[in-house]
Amino acid sequence: MTETKIHGSAVSMATLRKTPTGISGLDEVTGGGLPRSRSTLICGPAGCGKTLVAMEFLVRGITEFNEPGVFIAFEETAQDLVENHASLGFDLAQLEADGRLVIDHIDVVRADTKESGEWDLDGLFLRLEVAIQAVGAKRVVIDTIETLFGAFSNTVILRSELSRLFRWLRQRGVTSVITGEQGDGTLTRHGIEEYVSDCVVLLDHRVTEQTSTRRLRILKYRGSLHGTNEYPFLIGEMGVSVLPITSLGLRHSVSAERVSTGVDRVDVMLGAGGFYKGSTVLVSGTAGVGKSTLAAQFCDATCSRGERAVYFAFEQSEAEIVRNMTSVGMDLKKWVDAGLLEFQCFRPSRLSLEAHLFAVQKFVTEFEPAVVVMDPISDLVRVGTGVDVSDLLTQQVDFLKGKGVTALFTSIFSALQPTEAELKMTSLVDTWLRLETMEGNGERNRVLYVLKSRGMAHSNQIREFLLTGHGIELADVYVGPHGVLTGSARQAQEAMELTDVTARTEELEQRRINLERRRQSVEAQTATLWREFEDEADIVGRLLSHGSTGNEDRAEQRAERDRLRRGNPDKPDDVDQKLDTPVGAP
Amino acid sequence: MTVAEEIWHLRLYVAGQTPKSIRAFGNLKHLCEAHLAGRYEVEVIDLLEHPSLAQSDDILAVPTLVRRLPKPLRKVIGDLSNTERVLVGLRLEPESP
């Protein structure tokens, strides 16, 4: 043998062989199932679901892994078992008829039995052998072996016989499940965990705030890694489902495809095109801001693309939602009629958290919607404690992402005091739209903004969110010196701005007219001036042309005067002298 | 007593010829001769040969003695080495207080 071979065999030996249970989630928690050819103890208090888990182990073995089984029932009769499991969709009678299952009820009544001397349990061994051979069983359930402690008084013999039984089962090569009722401070009343030491599964059934939760824990699994947490489990229409919260990984494939939000401007705010397909969206806000309307419009848009959507409503009935949405011009009924939109309306307190998760998962698996709306998730907080809710939501988100379903959760957030679950939620979601009301001017107005959106160049703007007769519309808010204005204040501001603009326009027009008038007046004045100038120029011109004749005139006048003076011959030059010389001159 | 006068039908379930089953048969025979002489029938069933018969009387432990008649059904488990317990179990003697 080469060294590598030794290594190889060492590895395969180290890895315990396992028998898958087929129970949803349990195989993940146990890393593949229960130890093959060994005994597993399932214990817990009365009514925790031991018998059911054990029976499902057999039924799944038969239907999914082709491993016939034997059920040794000490407590319930075969008829009871058949009836009790019919509600889970297990047709035990049919499996028995097909020769794949044996249910052997052993009635242990102590009253008519006495003990005298030594005995052994060969009768039981033989019955087991007969049953195993009858169907070629690979799986055996003994429910509840501890009943034998009530039937036999010689516990020394009984204990040694039980330990022989488990050795025998192991040699027989069958994988067995033994159930045991929890004792006071011990795992089982009579300590049979001493004999069954390979794997111990503890079931629990707790009631917290009037809501019951079933939990499962792998207490021990010799030679195997296993989840150590407490896992919620539930018993639903399809049997047992263990919810391995921490075992779900972040392995889902992602899509770069966008899906429209149904509101064009919201799409624009998210970069381009809307939410990423398969992403998780949180729409939060105070009461009455239009979260449901946004959710419904998203559904509407989804359905109009011919894709399916499911609306989980925890506060309103289908009829209420459909009616309310008609007020914003949305006709959801036609999508319901077309089979594209499905409403699931129930009060969260009706079911436990796990049942919720299961119901949602079951529905989503069957209906295969592209979009899931849960309105509002904050109602779930009422059902469980904070940690539970966030676990549930983590689980839910992982599940939906795994399915590539775009999920929109609404949540009523009190802006002042977000709870732990809400805080956790915010880190879980990819896109967070926040709706708020802004108070002022004697009114409340809705605004929307993108608080976060992973992997998107989203808008940082606050938009006013209007519910109109034809759906949701976004309007730019007025951001001015007085802060963000919405509603009538915004309208008033807009009106005011409009008035301002008009006023300015009018003023300009007036000034233009004035200018024109001025121009006209200037032109008129200019014309007048020109006219005056021309008149003057005319005169001057005329004067200029008369200039030479003027001199001649003067000469003529002098000549005339001279002539007149000659009329006075005495002093002809005196007169002239007197006229030409200033008076008084020497 | 009417019960004492009836024919007793007893059935002893064993699983093979084990020391316990041989002891049980011996003890039973001795006991019947002492208390039910002439009015008893004993049927020994070896479950190794007829394993399916274990179901009819809900047999888990062997050896098991079943009083089939007179009614009602009574069972005594073990190799019947404690005679007093057997007599009580078969209601041949009243249970000691």
# chains A, B, ... in the order shown; residues from 1 in each chain; ligands from 1
$ closest_atom_pairs --of "chain B" --to "chain A" --cutoff "7 Å" --atoms "only C-alpha atoms" --output "tab-separated table"
residue	atom	partner	partner_atom	distance
B:Ala15	CA	A:Asp122	CA	6.6
B:Pro51	CA	A:Leu126	CA	6.2
B:Ala54	CA	A:Gly123	CA	6.5
B:Asp58	CA	A:Ile106	CA	5.9
B:Ile59	CA	A:Gly123	CA	5.6
B:Leu60	CA	A:Gly123	CA	4.2
B:Ala61	CA	A:Leu121	CA	4.2
B:Val62	CA	A:Trp119	CA	5.5
B:Pro63	CA	A:Trp119	CA	6.0
B:Arg74	CA	A:Asp112	CA	5.1
B:Lys75	CA	A:Thr113	CA	4.5
B:Val76	CA	A:Lys114	CA	4.6
B:Ile77	CA	A:Glu115	CA	4.6
B:Gly78	CA	A:Trp119	CA	4.3
B:Asp79	CA	A:Gly117	CA	5.0
B:Leu80	CA	A:Ser116	CA	4.7
B:Ser81	CA	A:Gly117	CA	5.0
B:Asn82	CA	A:Ser116	CA	5.1
B:Arg85	CA	A:Ser116	CA	5.6
B:Val86	CA	A:Ser116	CA	6.1
B:Gly89	CA	A:Lys114	CA	5.1
$ write_last_selection --atoms "C-alpha atoms" --output "PDB file, in the first residue's frame"
ATOM      1  CA  ALA B  15     -36.814 -18.757  22.150  1.00  0.00           C
ATOM      2  CA  PRO B  51     -41.400 -15.864  15.227  1.00  0.00           C
ATOM      3  CA  ALA B  54     -44.729 -13.309  19.223  1.00  0.00           C
ATOM      4  CA  ASP B  58     -47.390  -9.276  22.682  1.00  0.00           C
ATOM      5  CA  ILE B  59     -44.353 -11.210  23.754  1.00  0.00           C
ATOM      6  CA  LEU B  60     -41.217  -9.205  24.432  1.00  0.00           C
ATOM      7  CA  ALA B  61     -39.438 -11.172  27.075  1.00  0.00           C
ATOM      8  CA  VAL B  62     -38.850 -14.868  27.092  1.00  0.00           C
ATOM      9  CA  PRO B  63     -39.675 -17.142  28.661  1.00  0.00           C
ATOM     10  CA  ARG B  74     -52.333 -13.343  32.670  1.00  0.00           C
ATOM     11  CA  LYS B  75     -48.611 -13.325  32.028  1.00  0.00           C
ATOM     12  CA  VAL B  76     -45.624 -14.390  34.031  1.00  0.00           C
ATOM     13  CA  ILE B  77     -42.223 -13.498  32.722  1.00  0.00           C
ATOM     14  CA  GLY B  78     -39.037 -15.364  33.583  1.00  0.00           C
ATOM     15  CA  ASP B  79     -37.768 -18.852  34.185  1.00  0.00           C
ATOM     16  CA  LEU B  80     -40.500 -19.285  36.828  1.00  0.00           C
ATOM     17  CA  SER B  81     -37.936 -19.995  39.492  1.00  0.00           C
ATOM     18  CA  ASN B  82     -39.854 -17.999  42.064  1.00  0.00           C
ATOM     19  CA  ARG B  85     -44.558 -15.096  42.149  1.00  0.00           C
ATOM     20  CA  VAL B  86     -45.824 -17.471  39.515  1.00  0.00           C
ATOM     21  CA  GLY B  89     -49.195 -14.092  38.586  1.00  0.00           C
TER      22      GLY B  89
END
$ residues_around --residues "B:Phe25" --least-positions-apart "2" --cutoff "10 Å" --atoms "only C-alpha atoms" --output "NGL selection string"
:B and (12-14 or 19-23 or 27-31 or 42 or 44 or 63 or 65 or 79-80)
$ select_by_dssp --residues "stretch 11-90 of chain B" --states "alpha helix (DSSP H)" --output "ChimeraX atom specification"
/B:19-35,83-89
$ write_last_selection --atoms "C-alpha atoms" --output "PDB file, in the first residue's frame"
ATOM      1  CA  PRO B  19     -30.998 -22.929  29.792  1.00  0.00           C
ATOM      2  CA  LYS B  20     -33.646 -20.416  30.791  1.00  0.00           C
ATOM      3  CA  SER B  21     -36.347 -21.998  28.685  1.00  0.00           C
ATOM      4  CA  ILE B  22     -35.475 -25.476  29.872  1.00  0.00           C
ATOM      5  CA  ARG B  23     -35.582 -24.236  33.455  1.00  0.00           C
ATOM      6  CA  ALA B  24     -38.868 -22.511  32.847  1.00  0.00           C
ATOM      7  CA  PHE B  25     -40.450 -25.611  31.365  1.00  0.00           C
ATOM      8  CA  GLY B  26     -39.268 -27.728  34.266  1.00  0.00           C
ATOM      9  CA  ASN B  27     -40.535 -25.243  36.821  1.00  0.00           C
ATOM     10  CA  LEU B  28     -43.880 -24.941  35.072  1.00  0.00           C
ATOM     11  CA  LYS B  29     -44.397 -28.677  34.906  1.00  0.00           C
ATOM     12  CA  HIS B  30     -43.604 -29.025  38.581  1.00  0.00           C
ATOM     13  CA  LEU B  31     -45.922 -26.223  39.489  1.00  0.00           C
ATOM     14  CA  CYS B  32     -48.828 -27.478  37.416  1.00  0.00           C
ATOM     15  CA  GLU B  33     -48.585 -30.949  38.857  1.00  0.00           C
ATOM     16  CA  ALA B  34     -48.636 -29.466  42.329  1.00  0.00           C
ATOM     17  CA  HIS B  35     -51.561 -27.088  41.835  1.00  0.00           C
ATOM     18  CA  THR B  83     -42.869 -20.247  42.500  1.00  0.00           C
ATOM     19  CA  GLU B  84     -44.739 -17.878  44.756  1.00  0.00           C
ATOM     20  CA  ARG B  85     -44.558 -15.096  42.149  1.00  0.00           C
ATOM     21  CA  VAL B  86     -45.824 -17.471  39.515  1.00  0.00           C
ATOM     22  CA  LEU B  87     -48.770 -18.514  41.635  1.00  0.00           C
ATOM     23  CA  VAL B  88     -49.610 -14.892  42.259  1.00  0.00           C
ATOM     24  CA  GLY B  89     -49.195 -14.092  38.586  1.00  0.00           C
TER      25      GLY B  89
END
$ select_by_dssp --residues "chain B" --states "strand (DSSP E or B)" --output "list in words"
Trp8, His9, Leu10, Arg11, Leu12, Tyr13, Val14, Tyr40, Glu41, Val42, Glu43, Val44, Ile45, Asp46, Val62, Thr64, Leu65, Val66, Arg67, Arg68, Leu69, Arg74, Lys75, Val76 and Ile77 of chain B
$ atom_distance --atom1 "atom CA of A:Ala370" --atom2 "atom CA of A:Leu341"
10.4 Å
$ closest_residue --among "B:Arg91, B:Trp8, B:Gln17, B:Leu69" --to "B:Ile45" --atoms "only C-alpha atoms"
B:Gln17
